[in-house]
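Notes follow the structure.
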Amino acid sequence: MKKYIFNPISMFLLGLILGIISRLLDIYTSNLGNIFSQMAIWILFGTIISIYSATKKKAMINVLTFCIGMLITYYFMAFITKGVYSNIFIIGWTIFAFCSPIFAYFTWMTKEPGIFSKIISIGIIFVSVLSTIILFGRLRAYDFIINGILVYYLFFKKIER
C-alpha cells in the first residue's frame, strides 16, 4: 500500500490538492490559513513523506514532486483569486522546493540507527521551531501540536523498511 501512496505521481497530486486547499484556507479561514502558511506544517509533511519513502532517492523525488505540485496550484489559485502575494515569497518557496531533495535525503536517514540520525532529528525540530519564531514572531498553540507530532514521528514512530 505504501508504494502506491509514496510515489512521485501520488505525491505530485497530493501537492496539487494541498496547494489548492492551502490557498482556499488562506482566503476563507484565518486560523487554518495561518497554520498552512507557516513552514512548520510543511516541514512535518516533508518529514512524513521522507521517512515513509522506501529509499533515500525515492524520498528526494517524492518530496520534490510534492513541493512543486503544491507551489503550482497555490500560486495559480492566488493568481486567479487576485490574491496578494509577492515575488519574494514565490522565490523563497521555490528555493525551498528545489532544496527539499537535500532535506529529504537527510530526513530519510532519521529512521536509521545511530547518533547521526538523532542529531538530524534534533536539527529538524530546531529548524521547525526557529523558522516559526523568526518568520512569524512567536510559537502558537498549534505550533506546539505540529512540533509534538514531528517529535513523535522522528523519535518514537517505528518505520518498517
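We name chains A, B, ... following the order of the C-alpha cells; residues begin at 1 in each chain, and ligands are numbered from 1 as shown.
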Hey, what's within 9 Å of Leu64 of chain A if we count only C-alpha atoms and toss same-chain stuff fewer than 3 positions away? As a list in words, please?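 The neighbour list is Pro8, Met11, Phe12, Ala59, Met60, Ile61, Cys67, Ile68, Gly69, Ala97, Phe98, Cys99, Ser100, Pro101 and Ala104 of chain A.
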Would you pick out the contacts of segment 83-94 of chain A at 12 Å or less, using only C-alpha atoms, so that residues sharing its chain but fewer than 3 positions from it are not included, and give the list as a PyMOL selection string?
chain A and resi 23-24+26-28+37-39+42+64+67-72+74-80+97-100+135
Dump N, CA and C atoms for the selected residues as a JSON list (two decimals), in the first residue's frame?
```
[["chain", "number", "residue", "atom", "x", "y", "z"],
["A", 23, "ARG", "N", -4.51, 27.51, -0.27],
["A", 23, "ARG", "CA", -4.91, 28.83, -0.75],
["A", 23, "ARG", "C", -6.35, 29.15, -0.34],
["A", 24, "LEU", "N", -7.24, 28.18, -0.44],
["A", 24, "LEU", "CA", -8.63, 28.41, -0.04],
["A", 24, "LEU", "C", -8.74, 28.68, 1.46],
["A", 26, "ASP", "N", -6.42, 30.12, 3.20],
["A", 26, "ASP", "CA", -5.94, 31.49, 3.36],
["A", 26, "ASP", "C", -7.06, 32.50, 3.11],
["A", 27, "ILE", "N", -7.92, 32.19, 2.15],
["A", 27, "ILE", "CA", -8.98, 33.11, 1.77],
["A", 27, "ILE", "C", -10.14, 33.07, 2.76],
["A", 28, "TYR", "N", -10.58, 31.86, 3.12],
["A", 28, "TYR", "CA", -11.84, 31.72, 3.85],
["A", 28, "TYR", "C", -11.73, 31.48, 5.34],
["A", 37, "SER", "N", 0.21, 28.50, 6.29],
["A", 37, "SER", "CA", 1.13, 29.50, 5.74],
["A", 37, "SER", "C", 2.50, 29.43, 6.39],
["A", 38, "GLN", "N", 2.63, 28.61, 7.41],
["A", 38, "GLN", "CA", 3.90, 28.55, 8.14],
["A", 38, "GLN", "C", 4.72, 27.34, 7.71],
["A", 39, "MET", "N", 6.01, 27.44, 7.92],
["A", 39, "MET", "CA", 6.92, 26.37, 7.48],
["A", 39, "MET", "C", 6.76, 25.09, 8.28],
["A", 42, "TRP", "N", 4.69, 22.36, 6.73],
["A", 42, "TRP", "CA", 5.30, 21.81, 5.52],
["A", 42, "TRP", "C", 6.53, 20.97, 5.86],
["A", 64, "LEU", "N", 10.24, 16.46, -3.57],
["A", 64, "LEU", "CA", 10.33, 17.48, -4.62],
["A", 64, "LEU", "C", 9.02, 17.57, -5.41],
["A", 67, "CYS", "N", 6.32, 19.25, -3.29],
["A", 67, "CYS", "CA", 6.52, 20.70, -3.18],
["A", 67, "CYS", "C", 6.19, 21.43, -4.48],
["A", 68, "ILE", "N", 6.61, 20.88, -5.59],
["A", 68, "ILE", "CA", 6.34, 21.50, -6.89],
["A", 68, "ILE", "C", 4.83, 21.54, -7.14],
["A", 69, "GLY", "N", 4.15, 20.44, -6.89],
["A", 69, "GLY", "CA", 2.69, 20.40, -7.06],
["A", 69, "GLY", "C", 2.00, 21.44, -6.19],
["A", 70, "MET", "N", 2.42, 21.53, -4.94],
["A", 70, "MET", "CA", 1.82, 22.49, -4.03],
["A", 70, "MET", "C", 2.04, 23.92, -4.50],
["A", 71, "LEU", "N", 3.25, 24.23, -4.94],
["A", 71, "LEU", "CA", 3.54, 25.60, -5.40],
["A", 71, "LEU", "C", 2.75, 25.96, -6.65],
["A", 72, "ILE", "N", 2.66, 25.04, -7.57],
["A", 72, "ILE", "CA", 1.93, 25.30, -8.82],
["A", 72, "ILE", "C", 0.50, 25.72, -8.52],
["A", 74, "TYR", "N", -0.95, 26.47, -5.57],
["A", 74, "TYR", "CA", -1.13, 27.57, -4.62],
["A", 74, "TYR", "C", -1.03, 28.91, -5.35],
["A", 75, "TYR", "N", 0.02, 29.09, -6.12],
["A", 75, "TYR", "CA", 0.20, 30.38, -6.78],
["A", 75, "TYR", "C", -0.72, 30.56, -7.99],
["A", 76, "PHE", "N", -1.14, 29.48, -8.61],
["A", 76, "PHE", "CA", -2.16, 29.58, -9.65],
["A", 76, "PHE", "C", -3.48, 30.06, -9.02],
["A", 77, "MET", "N", -3.84, 29.47, -7.88],
["A", 77, "MET", "CA", -5.06, 29.89, -7.18],
["A", 77, "MET", "C", -4.93, 31.34, -6.70],
["A", 78, "ALA", "N", -3.75, 31.72, -6.23],
["A", 78, "ALA", "CA", -3.54, 33.10, -5.80],
["A", 78, "ALA", "C", -3.72, 34.06, -6.98],
["A", 79, "PHE", "N", -3.24, 33.64, -8.15],
["A", 79, "PHE", "CA", -3.38, 34.47, -9.35],
["A", 79, "PHE", "C", -4.84, 34.61, -9.75],
["A", 80, "ILE", "N", -5.56, 33.49, -9.82],
["A", 80, "ILE", "CA", -6.95, 33.57, -10.30],
["A", 80, "ILE", "C", -7.90, 34.18, -9.27],
["A", 97, "ALA", "N", 11.59, 24.58, -2.29],
["A", 97, "ALA", "CA", 11.17, 23.38, -3.03],
["A", 97, "ALA", "C", 12.36, 22.70, -3.70],
["A", 98, "PHE", "N", 13.24, 23.49, -4.32],
["A", 98, "PHE", "CA", 14.38, 22.88, -5.02],
["A", 98, "PHE", "C", 15.48, 22.42, -4.07],
["A", 99, "CYS", "N", 15.46, 22.90, -2.83],
["A", 99, "CYS", "CA", 16.39, 22.39, -1.81],
["A", 99, "CYS", "C", 15.79, 21.18, -1.09],
["A", 100, "SER", "N", 14.50, 20.97, -1.24],
["A", 100, "SER", "CA", 13.81, 19.91, -0.49],
["A", 100, "SER", "C", 14.38, 18.50, -0.73],
["A", 135, "LEU", "N", 10.26, 33.83, 11.38],
["A", 135, "LEU", "CA", 9.39, 34.30, 10.30],
["A", 135, "LEU", "C", 8.03, 34.81, 10.79]]
```
Judged by only C-alpha atoms, the minimum distance to Ile43 of chain A among A:Ile17, A:Leu150, A:Ile5, A:Ile159 is found for A:Leu150
If you run DSSP on the backbone, which residues of segment 2-160 of chain A are alpha helix (DSSP H), as a PyMOL selection string?
chain A and resi 2-5+8-28+31-35+39-52+56-80+87-108+115-136+141-151
Calculated over only C-alpha atoms, which of the candidates A:Ile120, A:Lys157, A:Gly114, A:Ile149 has the smallest distance to Ile41 of chain A?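 Between A:Ile120, A:Lys157, A:Gly114, A:Ile149, the residue approaching Ile41 of chain A most closely is A:Ile149.
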| Quick one: residues within 12 Å of Glu160 of chain A, only C-alpha atoms counted, chain neighbours fewer than 2 positions away excluded, as a PyMOL selection string? | chain A and resi 2+51-55+111-112+157-158
Residue nearest Tyr152 of chain A among A:Val63, A:Leu139, A:Leu44, A:Val127 (counting only C-alpha atoms):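 Closest to Tyr152 of chain A of all the choices is A:Leu44.
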- Task: Point out the residue among A:Thr81, A:Thr47, A:Ser10, A:Thr29 with the least atom-to-atom distance to Asn147 of chain A, counting only C-alpha atoms.
- Result: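 Selected residue with least distance to Asn147 of chain A: A:Thr47.
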Selection near Leu130 of chain A, 10 Å with only C-alpha atoms, sequence-local residues under 6 positions removed, as a PDB file with C-alpha atoms, in the first residue's frame:
```pdb
ATOM      1  CA  MET A  39       6.916  26.372   7.479  1.00  0.00           C
ATOM      2  CA  ALA A  40       6.356  24.002  10.418  1.00  0.00           C
ATOM      3  CA  ILE A 124      14.773  19.244  12.005  1.00  0.00           C
ATOM      4  CA  PHE A 136       6.192  34.617  12.346  1.00  0.00           C
ATOM      5  CA  GLY A 137       7.294  36.169  15.634  1.00  0.00           C
ATOM      6  CA  ARG A 138       6.328  33.515  18.144  1.00  0.00           C
ATOM      7  CA  LEU A 139       5.131  29.992  18.777  1.00  0.00           C
TER       8      LEU A 139
END
```
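Going from atom CA of Thr65 of chain A to atom CA of Asn7 of chain A covers 9.2 Å.
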Extract, using only C-alpha atoms, all DNA, RNA and protein residues at most 12 Å from Ala141 of chain A, discarding same-chain residues fewer than 5 positions from it, and format them as a VMD selection string. chain A and resid 31 34 to 35 132 146 to 148
* To do: Give me, please, the distance in Å between atom CA of Phe126 of chain A and atom CA of Phe103 of chain A, quoted to one decimal.
  =>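 Interatomic distance, atom CA of Phe126 of chain A to atom CA of Phe103 of chain A: 13.7 Å.
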